[in-house]
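Peer 1: Questions regarding the structure given below will be posed in turn.
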Amino acid sequence: GTVNVATVSVSDSEVLLGGFDAEYGNAQSGVINISTQEGGDRFAGELSFQTDDYGAPDRTYNNFDRVSLGVGGPLPVRNLNYYVSVQGTWSDTYLATRSNREVTSVLDFINIRERQDNEIQIQGKLSWRPGPNYKLTAEILDTNRKWENYSHTFSREGFVQTRLDTIPDTGQIITRYGAFSERQEGPEWLYYNAADHTPRNQNTFTTYKAVWNHTLSRGTFYSLKLSQTSYAFASAVNGQLPWEYEARYPDQYRDRINFRTNDYFASNGDYSSYSDQATTVWTLKTDWTSEIGTHKMKTGFTVAYNDLENFAIAYPNRINSEGNIGLIRSDYHVFNTEGSFYIQDRWEHEGMVINAGIRYDVFSVGNQLDASEVENLIRDQWSPRVGIAYPISDRDVFSFHYGRFSQIPDRSFIYENRGSSVQVRGNPNLENQTTVSYQAALQHMFTEDVFGQFTVYFKDIFGLLTAEQVSSGDSPNLVNQYVNKDYASSRGFEVSLTKRFTKNFAGELSYTYGVATGVASDPNIQQQVDFLYLPISEQPLDWDQRHTFAANATIGQPGTRAMD
């Protein structure tokens, strides 16, 4: 799962695209750094309310409301500050459903009804400076979200014709369903709101983090970070357990009285999916920085331990070939460790800057899997990166960056159970997906506050995943399994013009032309379209966006808050 940080708790954010340094790993295209708020030496707070409700039922778009509150300041303990925030967001989204939701009563006369998407985010942070060269922070981030997804198949509300029938062989009495109507045609016509039979989703994301910063001398300092992150996701229809589902696929979409084909919409039963997932990650990370003359050295390492649990089934009232509930069933609980080390050096000399580094990543699949299935229990990869920038005139700067970036495949592709009840089984021998990137840029300063840049880039992406049929043990049957086989590439250029903030105004214009091609956009494409073989030539990918125009402006008065 991913964290969704409340806007009120964000102090600063940074987006790194392309040539980022060796300290950033397990990413191929970009990194987003988010810094959260800290309390200052004086009490300060912020309260805001956002809505799209303009006072009349026909003048609200998505029934969206957001309340944000953040306060911080000093505590009675010397040099100890705090910051706490809470943000609630409620919306019926742009694809609203007709489901009946829970209503909470407050003070016996205020009724609050849940909306289609409900999210509460809480943040708390303590920062303590025991000395001029020391700082300790402790923080908790917690997000709880409940929501429903719109399903067009389950969007009808009305009455369905029913009839009791007896199975001749067993004498069992069952209900057969027939035509659908917006009104009750007779006593045998029963009310059915399809949206009430779709899953209610809930996820909880919690992070506990402690960070120690210590400055040893001028230009030399280090940080030590320890965190525990947990993520839980549950999806079920009306809180039912799998064996409680009433799902008669494909008869949910069929007139079962006369066995005529119904027109696509469900007229009875529950949406055929159930999911329960939990992830816990413990992380230890340290970074050391030291300036030695014109060199700025940085090094560090990270160690992580993952506890991953997944239980997801489709068609929960059916029994698969292995005798378990769920026609398609994903069920595993695994543990694994991973780590990384990097070292980099930034050297400046007479206007020229050289930034070189190397990163080492190591990953273990753990010991839960059968040893006969695992070729390499531990796999590693080196990722060199180098960048150079130097002035070619008093107004022009040329820069170049080469980097190798790797990313561990999503763990479901590795650990998906290898029984016959899954569509595509996992592969514990998958290698990292790797990107080799080249980027060059020329920057020109037109005036003291206006400059332009022209950038070209090219990326080769290896080891992308696809599903192919492989043999399994002594069985003559072939099974679908994920493998590193696909290839992709992207290339293009960007032209931008930027004005720094002067005379109360700043702005930027940019145009990007890009081409992204590869074998396939989806690892499961071979199963979805029944390809016997994958394409032998590169095709435009789903994220192939040829032309992008962007413009932004900032107008502000120094000493006041800027408006974008």
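Each chain in the structure tokens gets a letter, A, B and so on, in the order shown; residues start at 1 in every chain, and ligands are counted from 1 in the order they appear.
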Excluding same-chain residues fewer than 2 positions from A:Ser399, what lies within 9 Å of it counting only C-alpha atoms, as a PyMOL selection string?

Peer 2: chain A and resi 387-391+397+401+439-443

Peer 1: Which residues are close to A:Glu46, i.e. within 8 Å by only C-alpha atoms, leaving aside same-chain residues fewer than 4 positions away? Reply as an NGL selection string.

Peer 2: :A and (8 or 68-71)

Peer 1: Taking only residues of stretch 329-355 of chain A that have an atom at most 10 Å from an atom of stretch 16-28 of chain A, what is each one's shortest atom pair and its distance in Å to one decimal, using only C-alpha atoms, in chain and number order, as CSV?

Peer 2:
```
residue,atom,partner,partner_atom,distance
A:Ser340,CA,A:Gly25,CA,8.1
A:Phe341,CA,A:Glu23,CA,8.0
A:Tyr342,CA,A:Glu23,CA,5.8
A:Ile343,CA,A:Ala22,CA,7.0
A:Gln344,CA,A:Ala22,CA,6.5
A:Asp345,CA,A:Ala22,CA,9.7
A:Asn355,CA,A:Asp21,CA,8.1
```

Peer 1: Neighbouring residues of stretch 239-244 of chain A were defined as those with any atom within 10 Å, considering only C-alpha atoms; residues of the same chain fewer than 5 positions away were excluded. Please report them as number ranges by chain.

Peer 2: A: 199-201, 234, 270, 272-275, 312-318, 325-326

Peer 1: When you draw a straight line from atom CA of A:Phe205 to atom CA of A:Thr89, how long is it in Å?

Peer 2: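 We find that atom CA of A:Phe205 and atom CA of A:Thr89 lie 15.6 Å from each other.
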
Peer 1: Taking only C-alpha atoms into account, which of A:Thr512, A:Gln481, A:Gln184, A:Thr286 comes nearest A:Ile414?

Peer 2: A:Gln481

Peer 1: Just list as number ranges by chain whatever in stretch 428-563 of chain A DSSP marks as alpha helix (DSSP H).

Peer 2: A: 525-528

Peer 1: Include all heavy atoms and write out the residues we just selected as a short mmCIF file (atom, residue, chain, number, x, y, z; two decimals), in the first residue's frame.

Peer 2:
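Output (again.cif):
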```cif
data_model
loop_
_atom_site.label_atom_id
_atom_site.label_comp_id
_atom_site.auth_asym_id
_atom_site.auth_seq_id
_atom_site.Cartn_x
_atom_site.Cartn_y
_atom_site.Cartn_z
N ILE A 525 -1.22 -9.40 -20.52
CA ILE A 525 -1.85 -9.16 -21.81
C ILE A 525 -2.00 -10.45 -22.61
O ILE A 525 -2.97 -10.64 -23.36
CB ILE A 525 -1.04 -8.12 -22.61
CG1 ILE A 525 -1.78 -7.69 -23.87
CG2 ILE A 525 0.34 -8.65 -22.97
CD1 ILE A 525 -3.05 -6.94 -23.62
N GLN A 526 -1.06 -11.38 -22.46
CA GLN A 526 -1.12 -12.61 -23.25
C GLN A 526 -2.35 -13.45 -22.89
O GLN A 526 -2.94 -14.10 -23.74
CB GLN A 526 0.16 -13.43 -23.04
CG GLN A 526 0.39 -14.47 -24.12
CD GLN A 526 1.81 -15.02 -24.07
OE1 GLN A 526 2.63 -14.56 -23.29
NE2 GLN A 526 2.08 -15.99 -24.92
N GLN A 527 -2.77 -13.40 -21.62
CA GLN A 527 -3.96 -14.13 -21.21
C GLN A 527 -5.23 -13.37 -21.57
O GLN A 527 -6.24 -13.95 -21.93
CB GLN A 527 -3.95 -14.39 -19.70
CG GLN A 527 -3.09 -15.57 -19.28
CD GLN A 527 -1.62 -15.34 -19.55
OE1 GLN A 527 -1.11 -14.26 -19.26
NE2 GLN A 527 -0.93 -16.31 -20.10
N GLN A 528 -5.16 -12.03 -21.49
CA GLN A 528 -6.36 -11.24 -21.69
C GLN A 528 -6.84 -11.24 -23.13
O GLN A 528 -8.04 -11.23 -23.40
CB GLN A 528 -6.12 -9.80 -21.21
CG GLN A 528 -5.89 -9.69 -19.72
CD GLN A 528 -5.44 -8.31 -19.30
OE1 GLN A 528 -5.22 -7.44 -20.13
NE2 GLN A 528 -5.31 -8.09 -18.01
#
```

Peer 1: Taking only C-alpha atoms into account, name the residue in A:Tyr264, A:Phe451, A:Tyr192, A:Tyr208 that is nearest to A:Leu126.

Peer 2: A:Tyr208

Peer 1: According to DSSP computed on the backbone, where in stretch 400-453 of chain A is there strand (DSSP E)? Give the residues as an MDAnalysis selection string.

Peer 2: chainID A and resid 400:407 433:445 450:453

Peer 1: For stretch 466-470 of chain A, work out the shell of residues within 6 Å, counting only C-alpha atoms and skipping chain neighbours fewer than 2 positions away, then give it as an MDAnalysis selection string.

Peer 2: chainID A and resid 478:483 523:524

Peer 1: For A:Asp196, which residue among A:Glu157, A:Asp307, A:Glu538, A:Glu431 is the nearest when counting only C-alpha atoms?

Peer 2: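 Looking at the shortest contact to A:Asp196, the residue is A:Glu157.
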
Peer 1: Do you have the atom CA of A:Ala195-atom CA of A:Glu148 distance handy?

Peer 2: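 Atom-to-atom, atom CA of A:Ala195 to atom CA of A:Glu148, that is 9.2 Å.
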
Peer 1: Which of these, A:Glu322, A:Glu185, A:Glu309, A:Glu508, has the shortest distance to A:Phe335 once you count only C-alpha atoms?

Peer 2: A:Glu309

Peer 1: Of the candidates A:Val237, A:Asp169, A:Lys209, A:Phe301, which shows the shortest atom-to-atom distance to A:Val281, using only C-alpha atoms?

Peer 2: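 Among A:Val237, A:Asp169, A:Lys209, A:Phe301, it is A:Lys209 that comes nearest to A:Val281.
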
Peer 1: Restricting the calculation to only C-alpha atoms: of A:Arg500, A:His197, A:Arg59, A:Arg491, which residue gets closest to A:Phe458?

Peer 2: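 That would be A:Arg491, the residue with the smallest distance to A:Phe458.
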